[in-house]
Structures are given as C-alpha cells and as structure tokens.
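Trainee: Got data.tsv for you, TSV, N, CA and C atoms:
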chain	number	residue	atom	x	y	z
A	300	MET	N	-1.29	-15.29	-15.31
A	300	MET	CA	-0.31	-14.35	-15.80
A	300	MET	C	-0.99	-13.10	-16.37
A	301	VAL	N	-2.07	-13.30	-17.12
A	301	VAL	CA	-2.78	-12.17	-17.71
A	301	VAL	C	-3.32	-11.26	-16.61
A	302	ASN	N	-3.85	-11.85	-15.55
A	302	ASN	CA	-4.37	-11.06	-14.43
A	302	ASN	C	-3.28	-10.21	-13.81
A	303	THR	N	-2.07	-10.76	-13.67
A	303	THR	CA	-0.94	-10.02	-13.11
A	303	THR	C	-0.58	-8.85	-14.02
A	304	ILE	N	-0.56	-9.08	-15.31
A	304	ILE	CA	-0.22	-8.01	-16.26
A	304	ILE	C	-1.26	-6.90	-16.19
A	305	LYS	N	-2.53	-7.25	-16.14
A	305	LYS	CA	-3.59	-6.24	-16.04
A	305	LYS	C	-3.44	-5.45	-14.75
A	306	ARG	N	-3.21	-6.13	-13.64
A	306	ARG	CA	-3.08	-5.47	-12.34
A	306	ARG	C	-1.88	-4.53	-12.36
A	307	ASN	N	-0.74	-5.00	-12.85
A	307	ASN	CA	0.45	-4.16	-12.89
A	307	ASN	C	0.25	-2.96	-13.80
A	308	SER	N	-0.43	-3.15	-14.91
A	308	SER	CA	-0.72	-2.04	-15.81
A	308	SER	C	-1.58	-1.01	-15.09
A	309	TYR	N	-2.56	-1.48	-14.35
A	309	TYR	CA	-3.43	-0.58	-13.59
A	309	TYR	C	-2.63	0.17	-12.52
A	310	VAL	N	-1.79	-0.56	-11.79
A	310	VAL	CA	-1.00	0.04	-10.72
A	310	VAL	C	-0.09	1.13	-11.29
A	311	ASN	N	0.43	0.94	-12.48
A	311	ASN	CA	1.32	1.93	-13.08
A	311	ASN	C	0.61	3.24	-13.39
A	312	ARG	N	-0.71	3.25	-13.49
A	312	ARG	CA	-1.45	4.46	-13.84
A	312	ARG	C	-2.03	5.19	-12.63
A	313	LEU	N	-1.69	4.76	-11.44
A	313	LEU	CA	-2.25	5.39	-10.25
A	313	LEU	C	-1.64	6.77	-10.01
A	314	SER	N	-2.46	7.69	-9.50
A	314	SER	CA	-1.94	8.98	-9.07
A	314	SER	C	-1.19	8.78	-7.76
A	315	GLU	N	-0.55	9.81	-7.29
A	315	GLU	CA	0.20	9.69	-6.04
A	315	GLU	C	-0.70	9.36	-4.86
A	316	LEU	N	-1.84	10.03	-4.75
A	316	LEU	CA	-2.77	9.73	-3.65
A	316	LEU	C	-3.31	8.31	-3.78
A	317	GLN	N	-3.64	7.90	-4.99
A	317	GLN	CA	-4.14	6.55	-5.20
A	317	GLN	C	-3.07	5.52	-4.85
A	318	THR	N	-1.82	5.82	-5.18
A	318	THR	CA	-0.73	4.90	-4.85
A	318	THR	C	-0.63	4.72	-3.34
A	319	ALA	N	-0.67	5.82	-2.60
A	319	ALA	CA	-0.60	5.74	-1.14
A	319	ALA	C	-1.77	4.94	-0.58
A	320	LEU	N	-2.97	5.20	-1.10
A	320	LEU	CA	-4.15	4.48	-0.62
A	320	LEU	C	-4.09	3.00	-1.00
A	321	TYR	N	-3.57	2.70	-2.17
A	321	TYR	CA	-3.45	1.32	-2.61
A	321	TYR	C	-2.49	0.55	-1.69
A	322	ILE	N	-1.36	1.18	-1.36
A	322	ILE	CA	-0.41	0.55	-0.45
A	322	ILE	C	-1.04	0.39	0.94
A	323	LEU	N	-1.76	1.38	1.38
A	323	LEU	CA	-2.45	1.31	2.67
A	323	LEU	C	-3.45	0.16	2.67
A	324	LYS	N	-4.18	0.01	1.58
A	324	LYS	CA	-5.15	-1.08	1.46
A	324	LYS	C	-4.44	-2.43	1.48
A	325	CYS	N	-3.33	-2.54	0.77
A	325	CYS	CA	-2.57	-3.80	0.77
A	325	CYS	C	-2.14	-4.17	2.18
A	326	ILE	N	-1.67	-3.20	2.93
A	326	ILE	CA	-1.25	-3.46	4.31
A	326	ILE	C	-2.45	-3.90	5.16
A	327	SER	N	-3.60	-3.25	4.93
A	327	SER	CA	-4.80	-3.63	5.69
A	327	SER	C	-5.22	-5.07	5.39
A	328	GLU	N	-4.84	-5.57	4.22
A	328	GLU	CA	-5.16	-6.95	3.83
A	328	GLU	C	-4.10	-7.94	4.28
A	329	GLY	N	-3.07	-7.44	5.00
A	329	GLY	CA	-2.04	-8.32	5.53
A	329	GLY	C	-0.89	-8.60	4.58
A	330	LYS	N	-0.79	-7.85	3.50
A	330	LYS	CA	0.30	-8.05	2.55
A	330	LYS	C	1.60	-7.56	3.18
A	331	VAL	N	2.69	-8.26	2.87
A	331	VAL	CA	4.01	-7.86	3.34
A	331	VAL	C	4.68	-7.00	2.27
A	332	GLU	N	5.75	-6.34	2.65
A	332	GLU	CA	6.41	-5.38	1.75
A	332	GLU	C	6.78	-6.02	0.40
A	333	ASP	N	7.32	-7.23	0.42
A	333	ASP	CA	7.70	-7.88	-0.84
A	333	ASP	C	6.51	-8.10	-1.76
A	334	GLN	N	5.36	-8.43	-1.20
A	334	GLN	CA	4.16	-8.62	-2.02
A	334	GLN	C	3.71	-7.30	-2.64
A	335	ILE	N	3.85	-6.22	-1.89
A	335	ILE	CA	3.47	-4.91	-2.41
A	335	ILE	C	4.43	-4.49	-3.52
A	336	VAL	N	5.71	-4.69	-3.31
A	336	VAL	CA	6.71	-4.36	-4.33
A	336	VAL	C	6.41	-5.13	-5.62
A	337	GLU	N	6.03	-6.38	-5.49
A	337	GLU	CA	5.69	-7.20	-6.65
A	337	GLU	C	4.56	-6.56	-7.46
A	338	ARG	N	3.59	-5.99	-6.79
A	338	ARG	CA	2.47	-5.34	-7.48
A	338	ARG	C	2.90	-4.08	-8.22
A	339	PHE	N	4.02	-3.51	-7.80
A	339	PHE	CA	4.56	-2.32	-8.46
A	339	PHE	C	5.73	-2.69	-9.36
A	340	ILE	N	5.66	-3.88	-9.94
A	340	ILE	CA	6.65	-4.39	-10.89
A	340	ILE	C	8.07	-4.22	-10.37
A	341	GLY	N	8.26	-4.55	-9.11
A	341	GLY	CA	9.59	-4.55	-8.52
A	341	GLY	C	10.15	-3.19	-8.15
A	342	ASP	N	9.32	-2.15	-8.14
A	342	ASP	CA	9.81	-0.81	-7.81
A	342	ASP	C	9.86	-0.64	-6.29
A	343	GLY	N	10.88	-1.25	-5.70
A	343	GLY	CA	11.04	-1.24	-4.26
A	343	GLY	C	11.25	0.14	-3.68
A	344	GLN	N	11.92	1.01	-4.42
A	344	GLN	CA	12.17	2.36	-3.93
A	344	GLN	C	10.87	3.13	-3.77
A	345	LEU	N	9.98	3.00	-4.74
A	345	LEU	CA	8.67	3.67	-4.66
A	345	LEU	C	7.90	3.19	-3.44
A	346	VAL	N	7.86	1.89	-3.26
A	346	VAL	CA	7.12	1.33	-2.13
A	346	VAL	C	7.76	1.75	-0.81
A	347	LYS	N	9.07	1.69	-0.69
A	347	LYS	CA	9.75	2.10	0.55
A	347	LYS	C	9.48	3.58	0.86
A	348	THR	N	9.48	4.40	-0.17
A	348	THR	CA	9.20	5.83	0.04
A	348	THR	C	7.80	6.02	0.59
A	349	TRP	N	6.82	5.37	-0.01
A	349	TRP	CA	5.44	5.52	0.46
A	349	TRP	C	5.24	4.90	1.83
A	350	LEU	N	5.90	3.79	2.11
A	350	LEU	CA	5.80	3.20	3.45
A	350	LEU	C	6.35	4.17	4.50
A	351	SER	N	7.42	4.84	4.16
A	351	SER	CA	8.00	5.83	5.07
A	351	SER	C	7.04	6.99	5.30
A	352	VAL	N	6.44	7.48	4.23
A	352	VAL	CA	5.47	8.59	4.35
A	352	VAL	C	4.27	8.15	5.19
A	353	LEU	N	3.72	6.99	4.88
A	353	LEU	CA	2.55	6.50	5.62
A	353	LEU	C	2.87	6.30	7.10
A	354	SER	N	4.08	5.87	7.38
A	354	SER	CA	4.51	5.70	8.77
A	354	SER	C	4.68	7.05	9.46
A	355	ASP	N	5.30	8.00	8.75
A	355	ASP	CA	5.53	9.34	9.32
A	355	ASP	C	4.24	10.06	9.68
A	356	ILE	N	3.18	9.80	8.92
A	356	ILE	CA	1.90	10.46	9.23
A	356	ILE	C	0.97	9.54	10.02
A	357	HIS	N	1.56	8.47	10.56
A	357	HIS	CA	0.89	7.56	11.52
A	357	HIS	C	-0.32	6.84	10.94
A	358	LEU	N	-0.24	6.47	9.67
A	358	LEU	CA	-1.31	5.66	9.08
A	358	LEU	C	-0.96	4.18	9.12
A	359	ILE	N	0.34	3.88	9.24
A	359	ILE	CA	0.80	2.50	9.43
A	359	ILE	C	1.87	2.50	10.51
A	360	GLU	N	2.13	1.31	11.03
A	360	GLU	CA	3.20	1.14	12.01
A	360	GLU	C	3.65	-0.30	11.98
A	361	ARG	N	4.72	-0.57	12.67
A	361	ARG	CA	5.20	-1.95	12.81
A	361	ARG	C	4.76	-2.46	14.18
A	362	ASN	N	4.24	-3.68	14.20
A	362	ASN	CA	3.79	-4.26	15.46
A	362	ASN	C	4.96	-4.91	16.19
A	363	PHE	N	4.68	-5.60	17.27
A	363	PHE	CA	5.73	-6.16	18.12
A	363	PHE	C	6.56	-7.25	17.45
A	364	VAL	N	6.09	-7.80	16.33
A	364	VAL	CA	6.90	-8.78	15.58
A	364	VAL	C	7.38	-8.18	14.26
A	365	ASN	N	7.40	-6.85	14.19
A	365	ASN	CA	7.93	-6.08	13.07
A	365	ASN	C	7.13	-6.23	11.77
A	366	GLU	N	5.84	-6.55	11.89
A	366	GLU	CA	4.97	-6.61	10.72
A	366	GLU	C	4.32	-5.24	10.51
A	367	LEU	N	4.11	-4.89	9.24
A	367	LEU	CA	3.39	-3.65	8.95
A	367	LEU	C	1.91	-3.85	9.24
A	368	VAL	N	1.34	-2.90	9.97
A	368	VAL	CA	-0.09	-2.94	10.27
A	368	VAL	C	-0.66	-1.54	10.08
A	369	ILE	N	-1.93	-1.50	9.77
A	369	ILE	CA	-2.61	-0.22	9.59
A	369	ILE	C	-3.09	0.28	10.96
A	370	THR	N	-2.98	1.56	11.19
A	370	THR	CA	-3.44	2.14	12.46
A	370	THR	C	-4.93	2.47	12.35
A	371	LYS	N	-5.52	2.86	13.46
A	371	LYS	CA	-6.93	3.28	13.44
A	371	LYS	C	-7.12	4.48	12.52
A	372	GLU	N	-6.15	5.40	12.56
A	372	GLU	CA	-6.21	6.58	11.68
A	372	GLU	C	-6.11	6.15	10.20
A	373	GLY	N	-5.25	5.18	9.93
A	373	GLY	CA	-5.13	4.65	8.57
A	373	GLY	C	-6.43	4.02	8.10
A	374	GLN	N	-7.09	3.30	8.99
A	374	GLN	CA	-8.38	2.69	8.66
A	374	GLN	C	-9.41	3.77	8.34
A	375	LYS	N	-9.39	4.86	9.09
A	375	LYS	CA	-10.31	5.97	8.82
A	375	LYS	C	-10.07	6.55	7.43
A	376	TYR	N	-8.79	6.67	7.03
A	376	TYR	CA	-8.48	7.16	5.69
A	376	TYR	C	-9.07	6.25	4.62
A	377	LEU	N	-8.89	4.93	4.81
A	377	LEU	CA	-9.45	4.00	3.83
A	377	LEU	C	-10.96	4.13	3.75
A	378	GLU	N	-11.61	4.25	4.88
A	378	GLU	CA	-13.07	4.39	4.88
A	378	GLU	C	-13.50	5.71	4.25
A	379	ARG	N	-12.76	6.78	4.51
A	379	ARG	CA	-13.11	8.09	3.99
A	379	ARG	C	-12.97	8.13	2.48
A	380	TYR	N	-11.86	7.64	1.96
A	380	TYR	CA	-11.60	7.74	0.53
A	380	TYR	C	-12.12	6.53	-0.25
A	381	ASN	N	-12.46	5.47	0.46
A	381	ASN	CA	-13.11	4.29	-0.13
A	381	ASN	C	-12.61	3.92	-1.51
A	382	PRO	N	-11.35	3.51	-1.62
A	382	PRO	CA	-10.86	3.11	-2.93
A	382	PRO	C	-11.62	1.88	-3.44
A	383	HIS	N	-11.91	1.89	-4.70
A	383	HIS	CA	-12.72	0.81	-5.29
A	383	HIS	C	-11.85	-0.20	-6.01
A	384	TRP	N	-10.94	-0.85	-5.25
A	384	TRP	CA	-10.08	-1.85	-5.86
A	384	TRP	C	-10.57	-3.22	-5.54
Hey, can you dump this file as structure tokens for me?
Mentor:
Amino acid sequence: MVNTIKRNSYVNRLSELQTALYILKCISEGKVEDQIVERFIGDGQLVKTWLSVLSDIHLIERNFVNELVITKEGQKYLERYNPHW
C-alpha cells in the first residue's frame, strides 16, 4: 500500500511531457488502460486525453485485438527522452 501511495504521489507531480512519456512507457510494458488509470488515482479523463494525443501523433495504436501497443516511432521517443522510472 505504501508503495502505491508513493507512486501515485510521484505521478501527480509529473509535467505534461513527463505524463505523456509515462503513459507511453506503461503501454510499452503491456499495461492496459485500466492499469494506467489506476496509477493516476482514477483520473480516467486525463489518461483518455493523453491516449488520444499519443494515438493522433502515431506514437501508439491499437493492434488487431484492440490492445494498445507502442509504435516504432513511440519507441524512438522513449529511447530519445529516456525517462528514468
């Protein structure tokens, strides 16, 4: 429980770019939307907005079974900005 509180506290202090990269990283790790929302203390609207933005700029997409996956371009962003989470 303490680990969850620390993580959520950290997530709440992210900048907008860090938030987008954090969500991108979660998707690259195979997390589903509900798991990502959980990390943002249930702020589904925030997560949906960023998922839409990431999809619009082709950093993520849905595969043939409707799962969120990171694109090659999205992977390049993660490597370029190298978030230390």
Trainee: When DSSP is applied to the backbone of this structure, which of chain A are assigned strand (DSSP E)? Write them out as number ranges by chain.
Mentor: A: 359-361, 367-369
Trainee: Might I get the box with edges along x, y and z of the file that holds all atoms of segment 365-380 of chain A listed there, padded by 8 Å on every side, given as centre and edge lengths in Å to one decimal, as lines of an AutoDock Vina configuration file?
Mentor:
center_x = -2.8
center_y = 0.6
center_z = 7.0
size_x = 37.4
size_y = 31.0
size_z = 30.4
Trainee: If I take atom CA of Ile356 of chain A and atom N of Val331 of chain A, how far is one from the other in Å, to one decimal?
Mentor: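 Answer for the atom CA of Ile356 of chain A to atom N of Val331 of chain A separation: 19.8 Å.
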Trainee: Between A:Lys330, A:Lys375, A:Leu350, A:Gly341, which has the minimum distance to Thr318 of chain A (counting only C-alpha atoms)?
Mentor: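 That would be A:Leu350, the residue with the smallest distance to Thr318 of chain A.
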Trainee: Quick one: pull the distance between atom N of Asn365 of chain A and atom C of Glu315 of chain A, Å, one decimal.
Mentor: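 Interatomic distance here is 26.3 Å.
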Trainee: Atom N of Phe363 of chain A and atom CA of Ile340 of chain A are how many Å apart?
Mentor: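 A separation of 28.3 Å between them.
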Trainee: So which bits of chain A end up alpha helix (DSSP H) when you DSSP the backbone, as a PyMOL selection string?
Mentor: chain A and resi 301-311+315-327+332-338+343-355+371-380
Trainee: Which residue out of A:Val346, A:Val352, A:Leu316, A:Leu377 has the minimum interatomic distance to Glu332 of chain A when all atoms listed in the file are used?
Mentor: A:Val346
Trainee: Find the residue from A:Gln334, A:Asn362, A:Trp349, A:Ser327 that sits nearest to Tyr376 of chain A; use only C-alpha atoms when measuring.
Mentor: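 Of all the options, A:Ser327 lies closest to Tyr376 of chain A.
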Trainee: Please list as a PyMOL selection string every residue within 10 Å of Lys347 of chain A, counting only C-alpha atoms and excluding residues in the same chain fewer than 4 positions away.
Mentor: chain A and resi 332+335-336+342-343+351-353
Trainee: Restricting the calculation to only C-alpha atoms: of A:Arg338, A:Ile326, A:Gln317, A:Arg361, which residue gets closest to Gln374 of chain A?
Mentor: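 Distance minimum relative to Gln374 of chain A lands on A:Ile326.
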